[in-house]
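K.L.:
Sharing a structure, written as structure tokens. Questions coming.
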Amino acid sequence: MMKMFDVYPLQNVSVVRAEGSWVWDSEGNKYLDMYGGHAVISIGHTHPEYVKALTEQLGRIGFYSNSVVIERQQRLAEKLGRLSGKESNRLFLVNSGAEANENAIKLASFATGRRKVVAFSASFHGRTSLAVAATANRSIVAPVNETDNVVFSEFNDGAALERLFAEQGGEIACVIIEAIQGVGGIKVADAGFLRLIRTLCDRYGAVMIADEVQCGCGRSGRYYATDWAGVQADIYTMAKGIGNGFPVGAISVGSRFEARYGMLGTTFGGSYLACAAMEAVADVMEREGLVAHAGAMGDYLTGELKKLSGLSEVRGRGLMIGIELPFEMAEFKRRLLTEEHIFVGAAGKNVIRLLPALNITREHADRFLTSFSKLLTSYCR
Ligand SMILES: Cc1ncc(COP(=O)(O)O)c(C=O)c1O
């Protein structure tokens, strides 16, 4: 019998149905989803408008190819431009976050004629060849992906970055940064650090890439987490939340880049179905004011969590929250699931990651806070 290639340490639960911020397992148990399927669920599971948009589109045409006009792509670009406040940018559509980063780095290299990429400690940019080479965790970098084209600098260390640019600035094609590191444990980039990256990129002719795959799409309470620093990146990469579960990726490309035929390409990116999913997400986000809502709910959750004793730190922005525990979180996370029926994410050994849908309500938040503090109390006795 063929089996799955065993690369995921699985939680022993089979999720078979979902609605909003609730999911059900195969035995009918109901769970609160504070994980959003890893920051993917933005407008809630099975949102009626999302289901309708995808179903209707599938009934008409699901796929053709990028050799014909797909009107939905232009409509989507307009919506994303408006929602993100980057109306003069252009959109290129792919299928995942790694692919978005791969294309952003390629574009930076094409545009500058250079080959060095600056990435940061604890970064995560995906599993494909360039994206993984720019990822700090060496255990997931295969020998074939190793390259001295990627140089790592310490996250939030401005002096180190200035030294690096002083030594190698003329060779640097781009700097890629998560304004809030996800896999790295919900570490927020200082506004001054993001502004310094902008300044150094301008001074040395390099491209600033904001990897907004996890922290973007309104999750931080601004459309891009980079916006908090008042900094414009040259390229924004997106995935996860912009598709609410449909596999999509995108790059929002600034005005300094010139497109030429054949420069980038993909078979599936920007398909009718992908556009239907992304348009539905953009429509719901705009109409329901979900960027501001994520900010307000995040402030509430973070504020309440900070009142609890027994935590090492609560950090993040909006609905991208890291709760650092003073003990290893594996058992705590398992008990949240099995005893309290709550899904959360994790980073490293000590950090619980909250990445819920952007339209969670005060009731969801309070249900989480009650269960979380109850369980925490049992550890602090
Ligand atoms: C910041 C960041 N970049 C890139 C990726 C890769 O995205 P994907 O898994 O869609 O390739 C992730 C995924 O977790 C991510 O968090």
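Each chain in the structure tokens gets a letter, A, B, ..., in the order shown, and its residues are numbered from 1; ligands are numbered from 1 in order too.
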Determine, using only C-alpha atoms, which residues of segment 222-309 of chain A have any atom at most 7 Å from an atom of segment 56-71 of chain A, and tabulate each with its shortest atom pair and distance in Å to one decimal place, rows ordered by chain and then rising number, as JSON lines.

P.N.:
```
{"residue": "A:Thr267", "atom": "CA", "partner": "A:Ser65", "partner_atom": "CA", "distance": 6.4}
{"residue": "A:Ser271", "atom": "CA", "partner": "A:Phe63", "partner_atom": "CA", "distance": 5.7}
{"residue": "A:Tyr272", "atom": "CA", "partner": "A:Gly62", "partner_atom": "CA", "distance": 5.6}
{"residue": "A:Leu273", "atom": "CA", "partner": "A:Gly62", "partner_atom": "CA", "distance": 5.5}
{"residue": "A:Ala276", "atom": "CA", "partner": "A:Gln57", "partner_atom": "CA", "distance": 6.8}
```

K.L.:
Pull N, CA and C atoms from the residues just selected and write them as a PDB file, in the first residue's frame.

P.N.:
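Once everything was written out, this is part.pdb:
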```pdb
ATOM      1  N   THR A 267       2.452  28.421 -15.264  1.00  0.00           N
ATOM      2  CA  THR A 267       1.272  27.809 -15.879  1.00  0.00           C
ATOM      3  C   THR A 267       0.004  28.157 -15.092  1.00  0.00           C
ATOM      4  N   SER A 271      -4.969  31.769 -12.335  1.00  0.00           N
ATOM      5  CA  SER A 271      -6.065  31.059 -13.016  1.00  0.00           C
ATOM      6  C   SER A 271      -7.408  31.681 -12.623  1.00  0.00           C
ATOM      7  N   TYR A 272      -8.445  31.332 -13.377  1.00  0.00           N
ATOM      8  CA  TYR A 272      -9.786  31.866 -13.080  1.00  0.00           C
ATOM      9  C   TYR A 272     -10.183  31.561 -11.635  1.00  0.00           C
ATOM     10  N   LEU A 273      -9.906  30.327 -11.222  1.00  0.00           N
ATOM     11  CA  LEU A 273     -10.307  29.931  -9.863  1.00  0.00           C
ATOM     12  C   LEU A 273      -9.506  30.696  -8.817  1.00  0.00           C
ATOM     13  N   ALA A 276     -10.837  34.113  -8.613  1.00  0.00           N
ATOM     14  CA  ALA A 276     -12.144  34.137  -7.937  1.00  0.00           C
ATOM     15  C   ALA A 276     -11.929  34.119  -6.425  1.00  0.00           C
TER      16      ALA A 276
END
```

K.L.:
To check your reading of the model: which residues sit at most 6 Å from ligand 1 when counting only C-alpha atoms and all ligand atoms? Write the answer as a ChimeraX atom specification.

P.N.:
/A:96-98,124-126,178,182,211,213-214,239

K.L.:
Please provide the set of residues having any atom within 12 Å of Thr377 of chain A, restricted to only C-alpha atoms, with same-chain residues fewer than 6 positions apart removed, written as a PyMOL selection string.

P.N.:
chain A and resi 308-311+332+369-371

K.L.:
What is the distance between atom CA of His38 of chain A and atom CA of Leu355 of chain A, in Å to one decimal?

P.N.:
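Those two atoms sit 6.6 Å apart.
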
K.L.:
Please identify all polymer residues within 10 Å of segment 186-190 of chain A, counting only C-alpha atoms, omitting same-chain residues fewer than 4 positions from it, and present them as a ChimeraX atom specification.

P.N.:
/A:122-123,155-158,177-182,194-196,215,225-226,228-229,314-317,320-324,346-347,351-354

K.L.:
Give me, as JSON lines, the closest atom pair and its distance (Å, one decimal) for every residue of segment 242-313 of chain A within a cut-off of 12 Å of segment 109-114 of chain A, counting only C-alpha atoms, rows sorted by chain and rising number.

P.N.:
```
{"residue": "A:Val253", "atom": "CA", "partner": "A:Ala111", "partner_atom": "CA", "distance": 11.8}
{"residue": "A:Gly254", "atom": "CA", "partner": "A:Ala111", "partner_atom": "CA", "distance": 11.8}
{"residue": "A:Ser255", "atom": "CA", "partner": "A:Ala111", "partner_atom": "CA", "distance": 11.8}
{"residue": "A:Arg256", "atom": "CA", "partner": "A:Ala111", "partner_atom": "CA", "distance": 8.8}
{"residue": "A:Phe257", "atom": "CA", "partner": "A:Ala111", "partner_atom": "CA", "distance": 6.7}
{"residue": "A:Glu258", "atom": "CA", "partner": "A:Ala111", "partner_atom": "CA", "distance": 8.0}
{"residue": "A:Ala259", "atom": "CA", "partner": "A:Ala111", "partner_atom": "CA", "distance": 9.7}
{"residue": "A:Arg260", "atom": "CA", "partner": "A:Phe110", "partner_atom": "CA", "distance": 10.7}
{"residue": "A:Met263", "atom": "CA", "partner": "A:Phe110", "partner_atom": "CA", "distance": 8.6}
{"residue": "A:Leu264", "atom": "CA", "partner": "A:Phe110", "partner_atom": "CA", "distance": 10.3}
```

K.L.:
Ranking A:Leu200, A:Met329, A:Ala119, A:Cys217 by minimum distance to Ala136 of chain A and counting only C-alpha atoms, which one comes first?

P.N.:
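Closest to Ala136 of chain A, using only C-alpha atoms: A:Ala119.
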
K.L.:
I need the alpha helix (DSSP H) residues of segment 261-363 of chain A per DSSP on the backbone, written as an mmCIF file with C-alpha atoms, in the first residue's frame.

P.N.:
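Contents of result34.cif, freshly written:
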```
data_model
loop_
_atom_site.group_PDB
_atom_site.id
_atom_site.type_symbol
_atom_site.label_atom_id
_atom_site.label_comp_id
_atom_site.auth_asym_id
_atom_site.auth_seq_id
_atom_site.Cartn_x
_atom_site.Cartn_y
_atom_site.Cartn_z
ATOM 1 C CA TYR A 272 -9.786 31.866 -13.080
ATOM 2 C CA LEU A 273 -10.307 29.931 -9.863
ATOM 3 C CA ALA A 274 -7.342 31.542 -8.101
ATOM 4 C CA CYS A 275 -8.618 34.987 -9.096
ATOM 5 C CA ALA A 276 -12.144 34.137 -7.937
ATOM 6 C CA ALA A 277 -10.731 33.171 -4.539
ATOM 7 C CA MET A 278 -8.524 36.278 -4.243
ATOM 8 C CA GLU A 279 -11.257 38.639 -5.436
ATOM 9 C CA ALA A 280 -13.720 37.220 -2.918
ATOM 10 C CA VAL A 281 -11.160 37.709 -0.152
ATOM 11 C CA ALA A 282 -10.431 41.291 -1.244
ATOM 12 C CA ASP A 283 -14.157 42.123 -1.515
ATOM 13 C CA VAL A 284 -14.984 40.745 1.928
ATOM 14 C CA MET A 285 -11.949 42.395 3.500
ATOM 15 C CA GLU A 286 -12.839 45.775 2.034
ATOM 16 C CA ARG A 287 -16.562 45.618 2.808
ATOM 17 C CA LEU A 290 -11.109 43.503 8.211
ATOM 18 C CA VAL A 291 -7.725 45.248 8.269
ATOM 19 C CA ALA A 292 -8.875 47.642 10.992
ATOM 20 C CA HIS A 293 -10.798 44.845 12.712
ATOM 21 C CA ALA A 294 -7.658 42.676 12.851
ATOM 22 C CA GLY A 295 -5.824 45.594 14.469
ATOM 23 C CA ALA A 296 -8.551 46.141 17.073
ATOM 24 C CA MET A 297 -8.979 42.430 17.905
ATOM 25 C CA GLY A 298 -5.204 42.064 18.086
ATOM 26 C CA ASP A 299 -4.960 44.972 20.538
ATOM 27 C CA TYR A 300 -7.660 43.388 22.667
ATOM 28 C CA LEU A 301 -6.102 39.904 22.700
ATOM 29 C CA THR A 302 -2.585 41.194 23.289
ATOM 30 C CA GLY A 303 -3.750 43.554 26.035
ATOM 31 C CA GLU A 304 -5.574 40.763 27.861
ATOM 32 C CA LEU A 305 -2.688 38.313 27.448
ATOM 33 C CA LYS A 306 -0.257 40.859 28.864
ATOM 34 C CA LYS A 307 -2.345 40.979 32.044
ATOM 35 C CA ALA A 330 4.642 21.146 23.227
ATOM 36 C CA GLU A 331 2.550 19.626 26.007
ATOM 37 C CA PHE A 332 0.738 22.921 26.655
ATOM 38 C CA LYS A 333 -0.182 23.141 22.966
ATOM 39 C CA ARG A 334 -1.335 19.517 22.930
ATOM 40 C CA ARG A 335 -3.506 20.096 26.008
ATOM 41 C CA LEU A 336 -5.021 23.238 24.456
ATOM 42 C CA LEU A 337 -6.119 20.996 21.603
ATOM 43 C CA THR A 338 -7.253 17.891 23.460
ATOM 44 C CA ARG A 362 -14.811 39.254 20.784
ATOM 45 C CA GLU A 363 -16.601 35.982 21.718
#
```

K.L.:
Go through segment 196-338 of chain A and collect every residue that DSSP, computed from the backbone, puts in strand (DSSP E or B); the answer should be as a list of chain:residue names.

P.N.:
A:Val207, A:Met208, A:Ile209, A:Ala210, A:Asp211, A:Ile235, A:Tyr236, A:Thr237, A:Met238, A:Asn244, A:Phe246, A:Gly249, A:Ala250, A:Ile251, A:Ser252, A:Val253, A:Glu313, A:Val314, A:Arg315, A:Gly316, A:Arg317, A:Met320, A:Ile321, A:Gly322, A:Ile323, A:Glu324

K.L.:
Could those residues be written to a file, using N, CA and C atoms, as a PDB file, in the first residue's frame?

P.N.:
```
ATOM      1  N   VAL A 207      17.389  46.456  -4.183  1.00  0.00           N
ATOM      2  CA  VAL A 207      15.931  46.348  -4.155  1.00  0.00           C
ATOM      3  C   VAL A 207      15.492  45.886  -2.760  1.00  0.00           C
ATOM      4  N   MET A 208      14.474  46.539  -2.209  1.00  0.00           N
ATOM      5  CA  MET A 208      13.935  46.100  -0.914  1.00  0.00           C
ATOM      6  C   MET A 208      12.708  45.229  -1.158  1.00  0.00           C
ATOM      7  N   ILE A 209      12.796  43.976  -0.697  1.00  0.00           N
ATOM      8  CA  ILE A 209      11.673  43.036  -0.836  1.00  0.00           C
ATOM      9  C   ILE A 209      11.046  42.808   0.540  1.00  0.00           C
ATOM     10  N   ALA A 210       9.761  43.091   0.648  1.00  0.00           N
ATOM     11  CA  ALA A 210       9.046  42.802   1.900  1.00  0.00           C
ATOM     12  C   ALA A 210       8.333  41.465   1.725  1.00  0.00           C
ATOM     13  N   ASP A 211       8.764  40.467   2.482  1.00  0.00           N
ATOM     14  CA  ASP A 211       8.086  39.170   2.457  1.00  0.00           C
ATOM     15  C   ASP A 211       6.869  39.276   3.374  1.00  0.00           C
ATOM     16  N   ILE A 235       9.258  45.609  -3.779  1.00  0.00           N
ATOM     17  CA  ILE A 235       8.418  44.451  -4.129  1.00  0.00           C
ATOM     18  C   ILE A 235       7.822  43.895  -2.831  1.00  0.00           C
ATOM     19  N   TYR A 236       6.516  43.617  -2.858  1.00  0.00           N
ATOM     20  CA  TYR A 236       5.852  42.937  -1.739  1.00  0.00           C
ATOM     21  C   TYR A 236       5.495  41.533  -2.211  1.00  0.00           C
ATOM     22  N   THR A 237       5.814  40.530  -1.396  1.00  0.00           N
ATOM     23  CA  THR A 237       5.401  39.173  -1.744  1.00  0.00           C
ATOM     24  C   THR A 237       4.256  38.743  -0.847  1.00  0.00           C
ATOM     25  N   MET A 238       3.315  38.013  -1.438  1.00  0.00           N
ATOM     26  CA  MET A 238       2.089  37.628  -0.713  1.00  0.00           C
ATOM     27  C   MET A 238       1.699  36.201  -1.044  1.00  0.00           C
ATOM     28  N   ASN A 244      -7.210  32.653   1.170  1.00  0.00           N
ATOM     29  CA  ASN A 244      -8.096  32.020   2.164  1.00  0.00           C
ATOM     30  C   ASN A 244      -8.150  30.499   2.003  1.00  0.00           C
ATOM     31  N   PHE A 246      -7.190  28.789  -1.019  1.00  0.00           N
ATOM     32  CA  PHE A 246      -6.867  28.424  -2.395  1.00  0.00           C
ATOM     33  C   PHE A 246      -5.375  28.705  -2.580  1.00  0.00           C
ATOM     34  N   GLY A 249      -0.153  32.810  -4.827  1.00  0.00           N
ATOM     35  CA  GLY A 249       0.945  33.677  -4.425  1.00  0.00           C
ATOM     36  C   GLY A 249       0.933  34.879  -5.355  1.00  0.00           C
ATOM     37  N   ALA A 250       1.553  35.969  -4.921  1.00  0.00           N
ATOM     38  CA  ALA A 250       1.535  37.170  -5.758  1.00  0.00           C
ATOM     39  C   ALA A 250       2.723  38.051  -5.407  1.00  0.00           C
ATOM     40  N   ILE A 251       3.164  38.831  -6.381  1.00  0.00           N
ATOM     41  CA  ILE A 251       4.091  39.903  -6.049  1.00  0.00           C
ATOM     42  C   ILE A 251       3.512  41.221  -6.550  1.00  0.00           C
ATOM     43  N   SER A 252       3.650  42.232  -5.692  1.00  0.00           N
ATOM     44  CA  SER A 252       3.224  43.577  -6.039  1.00  0.00           C
ATOM     45  C   SER A 252       4.511  44.335  -6.360  1.00  0.00           C
ATOM     46  N   VAL A 253       4.618  44.756  -7.612  1.00  0.00           N
ATOM     47  CA  VAL A 253       5.892  45.225  -8.161  1.00  0.00           C
ATOM     48  C   VAL A 253       5.887  46.744  -8.316  1.00  0.00           C
ATOM     49  N   GLU A 313       6.754  36.539  27.554  1.00  0.00           N
ATOM     50  CA  GLU A 313       6.552  37.729  26.719  1.00  0.00           C
ATOM     51  C   GLU A 313       5.344  37.518  25.804  1.00  0.00           C
ATOM     52  N   VAL A 314       4.654  38.611  25.513  1.00  0.00           N
ATOM     53  CA  VAL A 314       3.598  38.597  24.495  1.00  0.00           C
ATOM     54  C   VAL A 314       4.019  39.628  23.456  1.00  0.00           C
ATOM     55  N   ARG A 315       4.109  39.217  22.192  1.00  0.00           N
ATOM     56  CA  ARG A 315       4.591  40.175  21.181  1.00  0.00           C
ATOM     57  C   ARG A 315       3.853  39.980  19.856  1.00  0.00           C
ATOM     58  N   GLY A 316       4.097  40.893  18.944  1.00  0.00           N
ATOM     59  CA  GLY A 316       3.458  40.823  17.630  1.00  0.00           C
ATOM     60  C   GLY A 316       2.644  42.060  17.357  1.00  0.00           C
ATOM     61  N   ARG A 317       1.838  41.976  16.308  1.00  0.00           N
ATOM     62  CA  ARG A 317       0.963  43.090  15.930  1.00  0.00           C
ATOM     63  C   ARG A 317      -0.320  42.529  15.346  1.00  0.00           C
ATOM     64  N   MET A 320      -1.310  38.633  14.652  1.00  0.00           N
ATOM     65  CA  MET A 320      -0.087  37.827  14.509  1.00  0.00           C
ATOM     66  C   MET A 320       0.615  37.951  15.858  1.00  0.00           C
ATOM     67  N   ILE A 321       0.278  37.020  16.748  1.00  0.00           N
ATOM     68  CA  ILE A 321       0.663  37.182  18.148  1.00  0.00           C
ATOM     69  C   ILE A 321       1.535  36.011  18.589  1.00  0.00           C
ATOM     70  N   GLY A 322       2.639  36.322  19.229  1.00  0.00           N
ATOM     71  CA  GLY A 322       3.516  35.297  19.789  1.00  0.00           C
ATOM     72  C   GLY A 322       3.438  35.349  21.304  1.00  0.00           C
ATOM     73  N   ILE A 323       3.169  34.193  21.907  1.00  0.00           N
ATOM     74  CA  ILE A 323       3.120  34.113  23.379  1.00  0.00           C
ATOM     75  C   ILE A 323       4.285  33.236  23.812  1.00  0.00           C
ATOM     76  N   GLU A 324       5.292  33.856  24.404  1.00  0.00           N
ATOM     77  CA  GLU A 324       6.453  33.072  24.827  1.00  0.00           C
ATOM     78  C   GLU A 324       6.227  32.543  26.238  1.00  0.00           C
TER      79      GLU A 324
END
```

K.L.:
In Å, with one decimal, what is the gap from atom CA of His45 of chain A to atom CA of Gly245 of chain A?

P.N.:
8.4 Å

K.L.:
Can you tell me which residues surround His364 of chain A at a distance of at most 9 Å, considering only C-alpha atoms, apart from same-chain residues fewer than 5 positions away, and format the answer as a tab-separated table (two decimals) with C-alpha atoms, in the first residue's frame?

P.N.:
```tsv
chain	number	residue	atom	x	y	z
A	21	SER	CA	-13.37	30.21	13.08
A	32	LEU	CA	-11.86	27.01	17.97
A	33	ASP	CA	-9.35	27.81	15.24
A	34	MET	CA	-6.80	30.35	16.51
A	369	LEU	CA	-8.53	33.77	26.77
```

K.L.:
So that I can check the surroundings of Gly44 of chain A, please list as a list in words every protein, DNA and RNA residue that reaches within 7 Å of it, counting only C-alpha atoms and ignoring chain neighbours fewer than 5 positions away.

P.N.:
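Contacts, with the query itself left out: Glu19, Gly20, Ser21, Ala357 and Asn359 of chain A.
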
K.L.:
Using only C-alpha atoms, which residues sit within 10 Å of Val117 of chain A once same-chain residues fewer than 3 positions away are excluded, as a VMD selection string?

P.N.:
chain A and resid 105 108 to 109 114 130 133 to 134 148 to 152 171 to 176 206 to 207
